[in-house]
Each structure stands twice: as structure tokens, then as C-alpha cells.
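Undergrad: Structure: protein.pdb, PDB, C-alpha atoms and all ligand atoms.
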```
MODEL        1
ATOM      1  CA  MET A   1     -49.462 -51.332 -37.295
ATOM      2  CA  PRO A   2     -46.932 -52.685 -39.829
ATOM      3  CA  ASP A   3     -45.055 -50.319 -42.075
ATOM      4  CA  ALA A   4     -47.169 -48.780 -44.795
ATOM      5  CA  LEU A   5     -46.882 -49.976 -48.379
ATOM      6  CA  LEU A   6     -46.776 -46.392 -49.672
ATOM      7  CA  THR A   7     -45.583 -43.474 -47.570
ATOM      8  CA  VAL A   8     -45.772 -39.968 -48.977
ATOM      9  CA  SER A   9     -44.306 -37.172 -46.899
ATOM     10  CA  GLY A  10     -43.883 -33.469 -47.360
ATOM     11  CA  ILE A  11     -44.567 -33.473 -51.075
ATOM     12  CA  ALA A  12     -44.375 -30.088 -52.774
ATOM     13  CA  ALA A  13     -45.073 -30.121 -56.488
ATOM     14  CA  GLY A  14     -46.592 -28.146 -59.317
ATOM     15  CA  TYR A  15     -45.963 -26.746 -62.749
ATOM     16  CA  PRO A  16     -43.745 -23.938 -63.997
ATOM     17  CA  ASN A  17     -44.783 -20.795 -62.085
ATOM     18  CA  LYS A  18     -47.501 -22.618 -60.182
ATOM     19  CA  GLN A  19     -47.108 -24.542 -56.970
ATOM     20  CA  VAL A  20     -50.035 -26.951 -56.480
ATOM     21  CA  LEU A  21     -49.055 -29.216 -53.559
ATOM     22  CA  PHE A  22     -47.723 -27.736 -50.331
ATOM     23  CA  GLY A  23     -46.394 -30.490 -48.101
ATOM     24  CA  VAL A  24     -48.762 -33.416 -48.597
ATOM     25  CA  ASP A  25     -48.404 -36.381 -46.220
ATOM     26  CA  PHE A  26     -50.238 -39.691 -46.180
ATOM     27  CA  ALA A  27     -49.664 -43.422 -46.041
ATOM     28  CA  VAL A  28     -51.459 -46.358 -47.627
ATOM     29  CA  HIS A  29     -51.237 -49.815 -46.100
ATOM     30  CA  GLN A  30     -51.345 -53.124 -47.909
ATOM     31  CA  GLY A  31     -54.906 -54.010 -48.898
ATOM     32  CA  GLU A  32     -56.276 -50.600 -48.007
ATOM     33  CA  VAL A  33     -58.403 -48.308 -50.151
ATOM     34  CA  VAL A  34     -57.772 -44.616 -49.529
ATOM     35  CA  ALA A  35     -59.961 -41.994 -51.195
ATOM     36  CA  LEU A  36     -58.583 -38.590 -52.075
ATOM     37  CA  LEU A  37     -61.374 -36.034 -52.228
ATOM     38  CA  GLY A  38     -61.351 -32.323 -52.947
ATOM     39  CA  ALA A  39     -62.772 -29.582 -55.106
ATOM     40  CA  ASN A  40     -61.777 -29.111 -58.742
ATOM     41  CA  GLY A  41     -58.265 -27.765 -58.898
ATOM     42  CA  SER A  42     -57.379 -28.722 -55.305
ATOM     43  CA  GLY A  43     -54.500 -30.866 -56.566
ATOM     44  CA  LYS A  44     -55.884 -34.425 -56.555
ATOM     45  CA  SER A  45     -54.584 -35.408 -59.996
ATOM     46  CA  THR A  46     -51.289 -33.647 -59.339
ATOM     47  CA  CYS A  47     -50.954 -35.693 -56.177
ATOM     48  CA  LEU A  48     -51.616 -39.028 -57.927
ATOM     49  CA  ASN A  49     -49.304 -37.963 -60.749
ATOM     50  CA  ALA A  50     -46.554 -37.230 -58.237
ATOM     51  CA  VAL A  51     -46.928 -40.759 -56.852
ATOM     52  CA  SER A  52     -46.889 -42.320 -60.331
ATOM     53  CA  GLY A  53     -43.975 -40.166 -61.505
ATOM     54  CA  PHE A  54     -45.831 -38.153 -64.148
ATOM     55  CA  VAL A  55     -45.258 -35.024 -62.057
ATOM     56  CA  ARG A  56     -41.811 -34.700 -60.557
ATOM     57  CA  PRO A  57     -42.008 -33.560 -56.932
ATOM     58  CA  TRP A  58     -40.045 -30.434 -56.032
ATOM     59  CA  SER A  59     -39.325 -31.844 -52.590
ATOM     60  CA  GLY A  60     -40.503 -34.517 -50.204
ATOM     61  CA  SER A  61     -40.433 -38.280 -50.094
ATOM     62  CA  ILE A  62     -42.369 -41.107 -51.771
ATOM     63  CA  ARG A  63     -41.534 -44.539 -50.426
ATOM     64  CA  LEU A  64     -42.830 -47.896 -51.577
ATOM     65  CA  ASP A  65     -42.018 -50.369 -48.855
ATOM     66  CA  ARG A  66     -38.951 -48.551 -47.621
ATOM     67  CA  GLN A  67     -37.476 -47.632 -50.957
ATOM     68  CA  GLU A  68     -37.286 -43.942 -51.812
ATOM     69  CA  LEU A  69     -38.822 -43.283 -55.234
ATOM     70  CA  ALA A  70     -39.287 -39.495 -55.351
ATOM     71  CA  GLY A  71     -37.954 -38.220 -58.661
ATOM     72  CA  TRP A  72     -38.221 -41.568 -60.435
ATOM     73  CA  LEU A  73     -39.697 -41.631 -63.922
ATOM     74  CA  PRO A  74     -43.166 -43.033 -64.677
ATOM     75  CA  HIS A  75     -41.892 -46.262 -66.235
ATOM     76  CA  GLN A  76     -39.666 -46.852 -63.208
ATOM     77  CA  MET A  77     -42.619 -46.330 -60.858
ATOM     78  CA  PHE A  78     -44.675 -48.658 -63.037
ATOM     79  CA  ARG A  79     -41.974 -51.296 -62.918
ATOM     80  CA  ARG A  80     -42.131 -51.159 -59.118
ATOM     81  CA  GLY A  81     -45.902 -51.706 -59.292
ATOM     82  CA  ILE A  82     -47.291 -48.191 -58.905
ATOM     83  CA  ILE A  83     -49.874 -48.222 -61.676
ATOM     84  CA  GLN A  84     -52.242 -45.408 -62.489
ATOM     85  CA  VAL A  85     -55.447 -45.147 -64.459
ATOM     86  CA  SER A  86     -55.277 -41.488 -65.395
ATOM     87  CA  GLN A  87     -58.240 -39.172 -65.632
ATOM     88  CA  ALA A  88     -57.866 -39.201 -69.440
ATOM     89  CA  ARG A  89     -57.573 -43.037 -69.553
ATOM     90  CA  ASP A  90     -54.862 -42.885 -72.243
ATOM     91  CA  LEU A  91     -55.935 -45.911 -74.263
ATOM     92  CA  PHE A  92     -54.852 -46.720 -77.802
ATOM     93  CA  PRO A  93     -58.182 -46.063 -79.538
ATOM     94  CA  ASP A  94     -57.398 -47.782 -82.828
ATOM     95  CA  MET A  95     -56.253 -50.994 -81.208
ATOM     96  CA  SER A  96     -58.538 -53.749 -79.968
ATOM     97  CA  VAL A  97     -59.542 -54.328 -76.376
ATOM     98  CA  GLU A  98     -57.220 -57.294 -76.085
ATOM     99  CA  GLU A  99     -54.280 -55.467 -77.669
ATOM    100  CA  ASN A 100     -54.724 -52.669 -75.137
ATOM    101  CA  LEU A 101     -54.901 -55.179 -72.306
ATOM    102  CA  ARG A 102     -51.788 -57.020 -73.451
ATOM    103  CA  LEU A 103     -49.819 -53.768 -73.451
ATOM    104  CA  GLY A 104     -50.521 -53.486 -69.739
ATOM    105  CA  ALA A 105     -48.370 -56.548 -69.094
ATOM    106  CA  TRP A 106     -45.535 -55.391 -71.272
ATOM    107  CA  VAL A 107     -43.369 -53.640 -68.691
ATOM    108  CA  ARG A 108     -43.838 -55.931 -65.691
ATOM    109  CA  GLY A 109     -44.142 -59.194 -67.612
ATOM    110  CA  GLY A 110     -45.971 -62.064 -65.966
ATOM    111  CA  PRO A 111     -48.253 -64.886 -67.100
ATOM    112  CA  ILE A 112     -50.187 -63.014 -69.772
ATOM    113  CA  ALA A 113     -52.794 -65.697 -70.507
ATOM    114  CA  ARG A 114     -53.634 -66.041 -66.825
ATOM    115  CA  LEU A 115     -53.730 -62.282 -66.330
ATOM    116  CA  LEU A 116     -56.054 -61.908 -69.310
ATOM    117  CA  ASP A 117     -58.328 -64.624 -67.927
ATOM    118  CA  GLY A 118     -58.445 -62.736 -64.639
ATOM    119  CA  VAL A 119     -59.394 -59.470 -66.346
ATOM    120  CA  TYR A 120     -62.056 -61.169 -68.467
ATOM    121  CA  ALA A 121     -63.466 -62.832 -65.357
ATOM    122  CA  SER A 122     -63.786 -59.416 -63.702
ATOM    123  CA  PHE A 123     -65.094 -57.746 -66.879
ATOM    124  CA  PRO A 124     -67.236 -60.205 -68.871
ATOM    125  CA  ARG A 125     -68.232 -57.311 -71.096
ATOM    126  CA  LEU A 126     -64.609 -57.016 -72.242
ATOM    127  CA  ALA A 127     -64.382 -60.739 -72.949
ATOM    128  CA  GLU A 128     -67.354 -60.406 -75.289
ATOM    129  CA  ARG A 129     -65.681 -57.538 -77.102
ATOM    130  CA  LYS A 130     -62.045 -58.457 -76.995
ATOM    131  CA  ASN A 131     -61.557 -57.943 -80.737
ATOM    132  CA  GLN A 132     -63.439 -54.674 -80.881
ATOM    133  CA  THR A 133     -61.643 -51.404 -81.590
ATOM    134  CA  VAL A 134     -61.558 -49.361 -78.389
ATOM    135  CA  ARG A 135     -62.655 -46.226 -80.224
ATOM    136  CA  LEU A 136     -66.063 -47.822 -80.831
ATOM    137  CA  MET A 137     -66.755 -48.545 -77.179
ATOM    138  CA  SER A 138     -68.745 -46.420 -74.752
ATOM    139  CA  GLY A 139     -67.033 -44.297 -72.111
ATOM    140  CA  GLY A 140     -67.859 -46.821 -69.409
ATOM    141  CA  GLU A 141     -66.487 -49.710 -71.419
ATOM    142  CA  GLN A 142     -63.332 -47.721 -72.138
ATOM    143  CA  GLN A 143     -62.932 -47.120 -68.423
ATOM    144  CA  MET A 144     -63.139 -50.897 -67.933
ATOM    145  CA  VAL A 145     -60.406 -51.380 -70.545
ATOM    146  CA  ALA A 146     -58.258 -48.796 -68.759
ATOM    147  CA  ILE A 147     -58.710 -50.509 -65.386
ATOM    148  CA  GLY A 148     -58.199 -53.921 -66.960
ATOM    149  CA  ARG A 149     -55.002 -52.776 -68.606
ATOM    150  CA  ALA A 150     -53.724 -51.476 -65.265
ATOM    151  CA  LEU A 151     -54.517 -54.846 -63.652
ATOM    152  CA  MET A 152     -52.484 -56.586 -66.360
ATOM    153  CA  GLY A 153     -49.472 -54.843 -64.805
ATOM    154  CA  GLN A 154     -50.135 -56.621 -61.466
ATOM    155  CA  PRO A 155     -50.250 -53.398 -59.445
ATOM    156  CA  ARG A 156     -48.891 -53.337 -55.936
ATOM    157  CA  ILE A 157     -50.895 -50.143 -55.650
ATOM    158  CA  LEU A 158     -53.522 -49.055 -58.148
ATOM    159  CA  LEU A 159     -54.187 -45.321 -58.519
ATOM    160  CA  LEU A 160     -57.612 -44.506 -59.959
ATOM    161  CA  ASP A 161     -58.248 -40.909 -61.022
ATOM    162  CA  GLU A 162     -62.021 -40.343 -61.209
ATOM    163  CA  PRO A 163     -63.008 -43.752 -62.534
ATOM    164  CA  SER A 164     -66.673 -42.683 -62.644
ATOM    165  CA  GLY A 165     -65.925 -39.333 -64.287
ATOM    166  CA  GLY A 166     -68.249 -38.489 -67.150
ATOM    167  CA  LEU A 167     -70.080 -41.819 -67.048
ATOM    168  CA  ALA A 168     -73.822 -42.491 -67.144
ATOM    169  CA  PRO A 169     -75.357 -43.604 -63.807
ATOM    170  CA  ASN A 170     -75.580 -47.298 -64.739
ATOM    171  CA  PHE A 171     -71.861 -47.293 -65.519
ATOM    172  CA  VAL A 172     -71.096 -45.451 -62.289
ATOM    173  CA  ASN A 173     -72.735 -48.338 -60.426
ATOM    174  CA  GLU A 174     -70.824 -50.853 -62.480
ATOM    175  CA  ILE A 175     -67.510 -49.113 -61.787
ATOM    176  CA  ALA A 176     -68.371 -48.989 -58.074
ATOM    177  CA  ALA A 177     -69.001 -52.753 -58.126
ATOM    178  CA  ILE A 178     -65.709 -53.334 -59.927
ATOM    179  CA  VAL A 179     -63.727 -51.291 -57.425
ATOM    180  CA  ALA A 180     -65.463 -53.115 -54.557
ATOM    181  CA  ALA A 181     -64.583 -56.476 -56.133
ATOM    182  CA  LEU A 182     -60.941 -55.443 -56.528
ATOM    183  CA  LYS A 183     -60.891 -54.446 -52.895
ATOM    184  CA  ARG A 184     -62.212 -57.878 -51.881
ATOM    185  CA  GLN A 185     -59.411 -59.412 -53.936
ATOM    186  CA  GLY A 186     -56.981 -57.415 -51.804
ATOM    187  CA  VAL A 187     -55.892 -54.812 -54.354
ATOM    188  CA  THR A 188     -54.418 -51.777 -52.596
ATOM    189  CA  MET A 189     -55.887 -48.599 -54.089
ATOM    190  CA  MET A 190     -55.967 -44.842 -54.005
ATOM    191  CA  ILE A 191     -59.067 -43.453 -55.578
ATOM    192  CA  VAL A 192     -59.857 -39.876 -56.557
ATOM    193  CA  GLU A 193     -63.587 -39.329 -56.973
ATOM    194  CA  GLN A 194     -66.079 -36.515 -57.355
ATOM    195  CA  ASN A 195     -68.747 -39.097 -56.614
ATOM    196  CA  ILE A 196     -68.483 -39.053 -52.857
ATOM    197  CA  ARG A 197     -70.998 -41.831 -52.341
ATOM    198  CA  LEU A 198     -68.948 -44.136 -54.568
ATOM    199  CA  ALA A 199     -65.735 -43.177 -52.777
ATOM    200  CA  LEU A 200     -67.228 -43.739 -49.332
ATOM    201  CA  SER A 201     -68.708 -47.077 -50.364
ATOM    202  CA  VAL A 202     -65.275 -48.540 -51.092
ATOM    203  CA  ALA A 203     -62.753 -46.567 -49.062
ATOM    204  CA  ASP A 204     -61.354 -47.519 -45.666
ATOM    205  CA  ARG A 205     -60.180 -43.957 -45.147
ATOM    206  CA  PHE A 206     -60.373 -40.690 -46.959
ATOM    207  CA  LEU A 207     -58.359 -37.498 -47.145
ATOM    208  CA  ILE A 208     -59.617 -34.121 -48.244
ATOM    209  CA  LEU A 209     -57.255 -31.920 -50.213
ATOM    210  CA  ARG A 210     -57.822 -28.219 -50.051
ATOM    211  CA  ASP A 211     -55.615 -25.845 -52.018
ATOM    212  CA  GLY A 212     -52.867 -28.431 -52.177
ATOM    213  CA  ARG A 213     -52.886 -29.355 -48.484
ATOM    214  CA  VAL A 214     -54.532 -32.245 -46.647
ATOM    215  CA  SER A 215     -57.249 -30.460 -44.690
ATOM    216  CA  GLN A 216     -58.987 -33.505 -43.188
ATOM    217  CA  ARG A 217     -58.428 -37.229 -42.616
ATOM    218  CA  HIS A 218     -61.125 -39.705 -41.637
ATOM    219  CA  ASP A 219     -61.523 -43.410 -41.051
ATOM    220  CA  ILE A 220     -64.750 -44.649 -42.587
ATOM    221  CA  SER A 221     -65.171 -47.242 -39.842
ATOM    222  CA  GLY A 222     -64.980 -44.463 -37.262
ATOM    223  CA  GLY A 223     -68.220 -43.072 -38.697
ATOM    224  CA  GLY A 224     -68.914 -39.530 -37.669
ATOM    225  CA  ALA A 225     -68.581 -37.794 -40.992
ATOM    226  CA  SER A 226     -71.798 -37.846 -42.990
ATOM    227  CA  GLU A 227     -71.826 -37.385 -46.730
ATOM    228  CA  GLU A 228     -73.263 -33.941 -46.146
ATOM    229  CA  ASP A 229     -70.470 -32.982 -43.732
ATOM    230  CA  ILE A 230     -67.925 -34.153 -46.255
ATOM    231  CA  VAL A 231     -69.454 -32.197 -49.119
ATOM    232  CA  ARG A 232     -69.492 -29.161 -46.871
ATOM    233  CA  SER A 233     -65.845 -29.514 -45.944
ATOM    234  CA  ILE A 234     -64.841 -29.963 -49.569
ATOM    235  CA  TYR A 235     -66.724 -27.091 -51.089
ATOM    236  CA  LEU A 236     -67.331 -24.512 -48.359
TER     237      LEU A 236
HETATM  238  N1  LIG B 301     -50.078 -29.479 -66.816
HETATM  239  C1  LIG B 301     -50.415 -28.411 -66.077
HETATM  240  N2  LIG B 301     -49.804 -27.227 -66.279
HETATM  241  C2  LIG B 301     -50.129 -26.137 -65.531
HETATM  242  N3  LIG B 301     -51.055 -26.152 -64.552
HETATM  243  C3  LIG B 301     -51.695 -27.304 -64.327
HETATM  244  C4  LIG B 301     -51.414 -28.501 -65.073
HETATM  245  N4  LIG B 301     -52.213 -29.496 -64.609
HETATM  246  C5  LIG B 301     -52.951 -28.944 -63.627
HETATM  247  N5  LIG B 301     -52.645 -27.639 -63.456
HETATM  248  C6  LIG B 301     -53.231 -26.736 -62.449
HETATM  249  O1  LIG B 301     -52.918 -27.239 -61.172
HETATM  250  C7  LIG B 301     -54.027 -27.100 -60.278
HETATM  251  C8  LIG B 301     -54.389 -28.466 -59.710
HETATM  252  O2  LIG B 301     -54.831 -29.293 -60.779
HETATM  253  P1  LIG B 301     -55.215 -30.811 -60.573
HETATM  254  O3  LIG B 301     -55.481 -31.338 -61.924
HETATM  255  O4  LIG B 301     -54.207 -31.488 -59.739
HETATM  256  O5  LIG B 301     -56.557 -30.685 -59.722
HETATM  257  P2  LIG B 301     -57.703 -31.740 -59.438
HETATM  258  O6  LIG B 301     -57.987 -31.653 -57.968
HETATM  259  O7  LIG B 301     -57.341 -33.064 -59.996
HETATM  260  O8  LIG B 301     -58.928 -31.112 -60.255
HETATM  261  P3  LIG B 301     -60.158 -31.830 -61.025
HETATM  262  O9  LIG B 301     -61.139 -32.189 -59.958
HETATM  263  O10 LIG B 301     -60.670 -30.750 -61.911
HETATM  264  O11 LIG B 301     -59.629 -33.017 -61.785
HETATM  265  C9  LIG B 301     -55.126 -26.445 -61.086
HETATM  266  O12 LIG B 301     -55.093 -25.065 -60.824
HETATM  267  C10 LIG B 301     -54.736 -26.722 -62.519
HETATM  268  O13 LIG B 301     -55.194 -25.706 -63.379
HETATM  269 MG    MG B 302     -58.139 -34.236 -61.484
ENDMDL
END
```
Translate the structure described by the file into C-alpha cells.
Ligand SMILES: Nc1ncnc2c1ncn2[C@@H]1O[C@H](COP(=O)(O)OP(=O)(O)OP(=O)(O)O)[C@@H](O)[C@H]1O
Ligand SMILES: [Mg+2]
TA:
Amino acid sequence: MPDALLTVSGIAAGYPNKQVLFGVDFAVHQGEVVALLGANGSGKSTCLNAVSGFVRPWSGSIRLDRQELAGWLPHQMFRRGIIQVSQARDLFPDMSVEENLRLGAWVRGGPIARLLDGVYASFPRLAERKNQTVRLMSGGEQQMVAIGRALMGQPRILLLDEPSGGLAPNFVNEIAAIVAALKRQGVTMMIVEQNIRLALSVADRFLILRDGRVSQRHDISGGGASEEDIVRSIYL
């Protein structure tokens, strides 16, 4: 197998007085989708935030290609193409859809008109509402803006933290279809999801975090682990 795109090894991280990650190791290859599953508080967001630079690791290594990035700041990670859609989405609510999207291309540059066309092709609903204030959109539409804005940065790896979180079932299906389409386009992704069915429908592999450690690793193609087994190993 060729070298991984992203290689995370021995990451310890947390917050003042609270260690959350205790030596997390994984790799993500080009074009792969890896799901990170785990109970609330197991450290999934902390792990994505360590990769995107929003949490500074206490020790360990984060390499993109072969370049060591542990300790880099979020904008430096972004510039290298590690782009996260955070659990809170972090949009600019008083700006329009298109203004939010354009900001996504600000740091990495690139052909903005072509990138916008690509996002509108993936999200026709955003094309219809490009001049609308984000604040007035539904949660699902805002999630589309957040993913679209991340795509404007031409991610080498896209980190999605609970893209279906808090959304109505029809939007969950729509988000699942969007993630599947991105995968077909070859976008490398890490996805954190509480919706295990969604995660399993798009992932090539998944990891289960338990109390800040990777407790299980599975290939989806290998079969074996049923949804029920997975739920059991996450919560019991
Ligand atoms: N900014 C912070 N300051 C202090 N503690 C934090 C902070 N963010 C998270 N924590 C704590 O770190 C632990 C791991 O949190 P994290 O958000 O990584 O979990 P998670 O697996 O993403 O959970 P969820 O499924 O609820 O999103 C939790 O105990 C949480 O309370
Ligand atoms: Mg989280």
C-alpha cells in the first residue's frame, strides 16, 4: 500500500487539567473515507480538532504526506488542505450563502468562479438561495453551506464532525447522499457520526474511540461487524 495521506500517531491531547486522548493512532489514504465513532465524550471532536490544529496535541505526530504538522496552527493546517466542518458549523449568519462560500476560498485561493460552480452543482438548493442570509436557512441548509464552504478550500482531506447532527430525517438522507457523492468524486474524508447507518454507508473503514483510545478498527468491505455489534461496542 502506498504511504498514507494523513498519518496520526501517538496523539495525546486534552484541555487544562483534563487529558482526553491517550495515544491515538490511525492513517487515512488518498480517496478513503474513515469514520470515527464513539460515545459522547469519547474524544471524537478533540481528535478531529487535533488534526485541524484547533486543539494543540501534547505529544505525538500528525503527518500530511510526510510533513510533520503537529503543533501547527489552524490556518496553517488549512493552508495545507486539512479542512474541517466543525460540529458547530461556524458560519457567518448575517452574511449571504455566497459570501460564506467565497470566504472558504480565501486562504487557499484558486479559481473561485469554477469552485462556486462546483459547489452549486453539488448543492442546487444553495444555488437557488445564494443571496439569502444564512441565519434564515434551516439547519440542514446551513450544514450544506458549511460543507460547501469547506469544499471551496479544495480540501486534501475533509474532516466532518457530525454532519447529520440535529437534522430532521429528510436532511440526514440528503447529507448522506452528499457525502456519498463527494466520495465518488474522490474527496478524502474523516467523518464523525452518531448516525452509524450513515457512517457505515459511506465509510471504507471505521475506528471506535473509547475513553480517548482507539478500541476497535474495522474494514467495511471485510464485513463481519453488524450495526448492532458496533452499537454494542460503542455503548456497552
Ligand atoms: N474546550 C473544552 N474544555 C474542557 N473540556 C472539554 C472541552 N471540549 C471538550 N471537553 C471535554 O473533553 C471530553 C471529550 O470531548 P469531545 O468533544 O472530544 O467528545 P466527543 O466524542 O466529540 O463527544 P460528542 O459526541 O458529545 O460530540 C469530554 O469530557 C468533554 O467534556
Ligand atoms: Mg463531538
Undergrad: Select, from A:Ala35, A:Glu174, A:Ser86, A:Leu182, the residue with the minimum atom-to-atom distance to Gln216 of chain A, counting only C-alpha atoms.
TA: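 The shortest atom-to-atom distance to Gln216 of chain A comes from A:Ala35.
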Undergrad: Check what the PyMOL selection byres (((chain A and resi 147-157) around 7) and not hetatm) selects in the file above and give those residues as a list in words.
TA: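 Those residues are Gly81, Ile82, Ile83, Gln84, Val85, Asn100, Leu101, Gly104, Ala105, Arg108, Leu115, Val119, Gln143, Met144, Val145, Ala146, Leu158, Leu159, Val187, Thr188 and Met189 of chain A.
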Undergrad: From the options A:Asn40, A:Ser138, A:Ser61, A:Ser164, which residue's atoms come nearest to ligand MG 302 (chain B), counting only C-alpha atoms and all ligand atoms?
TA: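 Among the listed residues, A:Asn40 lies closest to ligand MG 302 (chain B).
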Undergrad: Which is closest to Lys44 of chain A among A:Glu32, A:Asp117, A:Asp161, A:Glu68, if we use only C-alpha atoms?
TA: A:Asp161
Undergrad: Running the PyMOL selection byres (((not hetatm)) within 6 of (chain B and resi 301)) on this model by hand, what would come out? Give it as a list in words.
TA: Tyr15, Val20, Ala39, Asn40, Gly41, Ser42, Gly43, Lys44, Ser45 and Thr46 of chain A
Undergrad: For each of A:Ala12, A:Gly165, A:Gln67, A:Ser122, take the minimum atom-to-atom distance to Val179 of chain A, counting only C-alpha atoms, then give the residue where this is smallest.
TA: A:Ser122
Undergrad: Of the candidates A:Val134, A:Ser59, A:Val8, A:Gly110, which one gets nearest to Met95 of chain A if we count all atoms listed in the file?
TA: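 The closest residue to Met95 of chain A is A:Val134.
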Undergrad: Evaluating the PyMOL selection byres (((chain A and resi 11) around 6) and not hetatm) on the displayed file yields which residues, as a list of chain:residue names?
TA: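 So the PyMOL selection byres (((chain A and resi 11) around 6) and not hetatm) ends up selecting A:Ser9, A:Gly10, A:Ala12, A:Gly23, A:Val24, A:Ser59, A:Gly60.
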Undergrad: Between atom CA of Gly14 of chain A and atom CA of Gln76 of chain A, what is the distance in Å, rounded to a tenth?
TA: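 Answer for the atom CA of Gly14 of chain A to atom CA of Gln76 of chain A separation: 20.3 Å.
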Undergrad: Rank A:Met190, A:Ile178, A:Val51, A:Leu116 by their smallest atom-to-atom distance to Phe78 of chain A, using only C-alpha atoms, and report the top residue only.
TA: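 Ranking A:Met190, A:Ile178, A:Val51, A:Leu116 by distance to Phe78 of chain A, first place goes to A:Val51.
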Undergrad: What is the atom CA of Leu73 of chain A to atom CA of Ala13 of chain A distance in Å?
TA: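 Computing the Euclidean distance for atom CA of Leu73 of chain A and atom CA of Ala13 of chain A yields 14.7 Å.
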Undergrad: I want to know what sits within 9 Å of segment 193-200 of chain A, based on only C-alpha atoms, with residues of the same chain fewer than 2 positions away left out; could you give that as a PDB file with C-alpha atoms, keeping the file's coordinate frame?
TA:
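Output contents, as saved in around-v3.pdb:
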```
ATOM      1  CA  VAL A  34     -57.772 -44.616 -49.529  1.00  0.00           C
ATOM      2  CA  ALA A  35     -59.961 -41.994 -51.195  1.00  0.00           C
ATOM      3  CA  LEU A  36     -58.583 -38.590 -52.075  1.00  0.00           C
ATOM      4  CA  LEU A  37     -61.374 -36.034 -52.228  1.00  0.00           C
ATOM      5  CA  GLY A  38     -61.351 -32.323 -52.947  1.00  0.00           C
ATOM      6  CA  ALA A  39     -62.772 -29.582 -55.106  1.00  0.00           C
ATOM      7  CA  ASN A  40     -61.777 -29.111 -58.742  1.00  0.00           C
ATOM      8  CA  LEU A 160     -57.612 -44.506 -59.959  1.00  0.00           C
ATOM      9  CA  ASP A 161     -58.248 -40.909 -61.022  1.00  0.00           C
ATOM     10  CA  GLU A 162     -62.021 -40.343 -61.209  1.00  0.00           C
ATOM     11  CA  PRO A 163     -63.008 -43.752 -62.534  1.00  0.00           C
ATOM     12  CA  SER A 164     -66.673 -42.683 -62.644  1.00  0.00           C
ATOM     13  CA  GLY A 165     -65.925 -39.333 -64.287  1.00  0.00           C
ATOM     14  CA  VAL A 172     -71.096 -45.451 -62.289  1.00  0.00           C
ATOM     15  CA  ASN A 173     -72.735 -48.338 -60.426  1.00  0.00           C
ATOM     16  CA  ILE A 175     -67.510 -49.113 -61.787  1.00  0.00           C
ATOM     17  CA  ALA A 176     -68.371 -48.989 -58.074  1.00  0.00           C
ATOM     18  CA  ILE A 191     -59.067 -43.453 -55.578  1.00  0.00           C
ATOM     19  CA  VAL A 202     -65.275 -48.540 -51.092  1.00  0.00           C
ATOM     20  CA  ALA A 203     -62.753 -46.567 -49.062  1.00  0.00           C
ATOM     21  CA  ASP A 204     -61.354 -47.519 -45.666  1.00  0.00           C
ATOM     22  CA  ARG A 205     -60.180 -43.957 -45.147  1.00  0.00           C
ATOM     23  CA  PHE A 206     -60.373 -40.690 -46.959  1.00  0.00           C
ATOM     24  CA  ILE A 220     -64.750 -44.649 -42.587  1.00  0.00           C
ATOM     25  CA  GLU A 227     -71.826 -37.385 -46.730  1.00  0.00           C
ATOM     26  CA  ILE A 230     -67.925 -34.153 -46.255  1.00  0.00           C
ATOM     27  CA  VAL A 231     -69.454 -32.197 -49.119  1.00  0.00           C
TER      28      VAL A 231
END
```
Undergrad: Can you tell me how far atom CA of Gln142 of chain A sits from atom CA of Val97 of chain A, in Å to one decimal?
TA: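 According to the coordinates, atom CA of Gln142 of chain A and atom CA of Val97 of chain A are separated by 8.7 Å.
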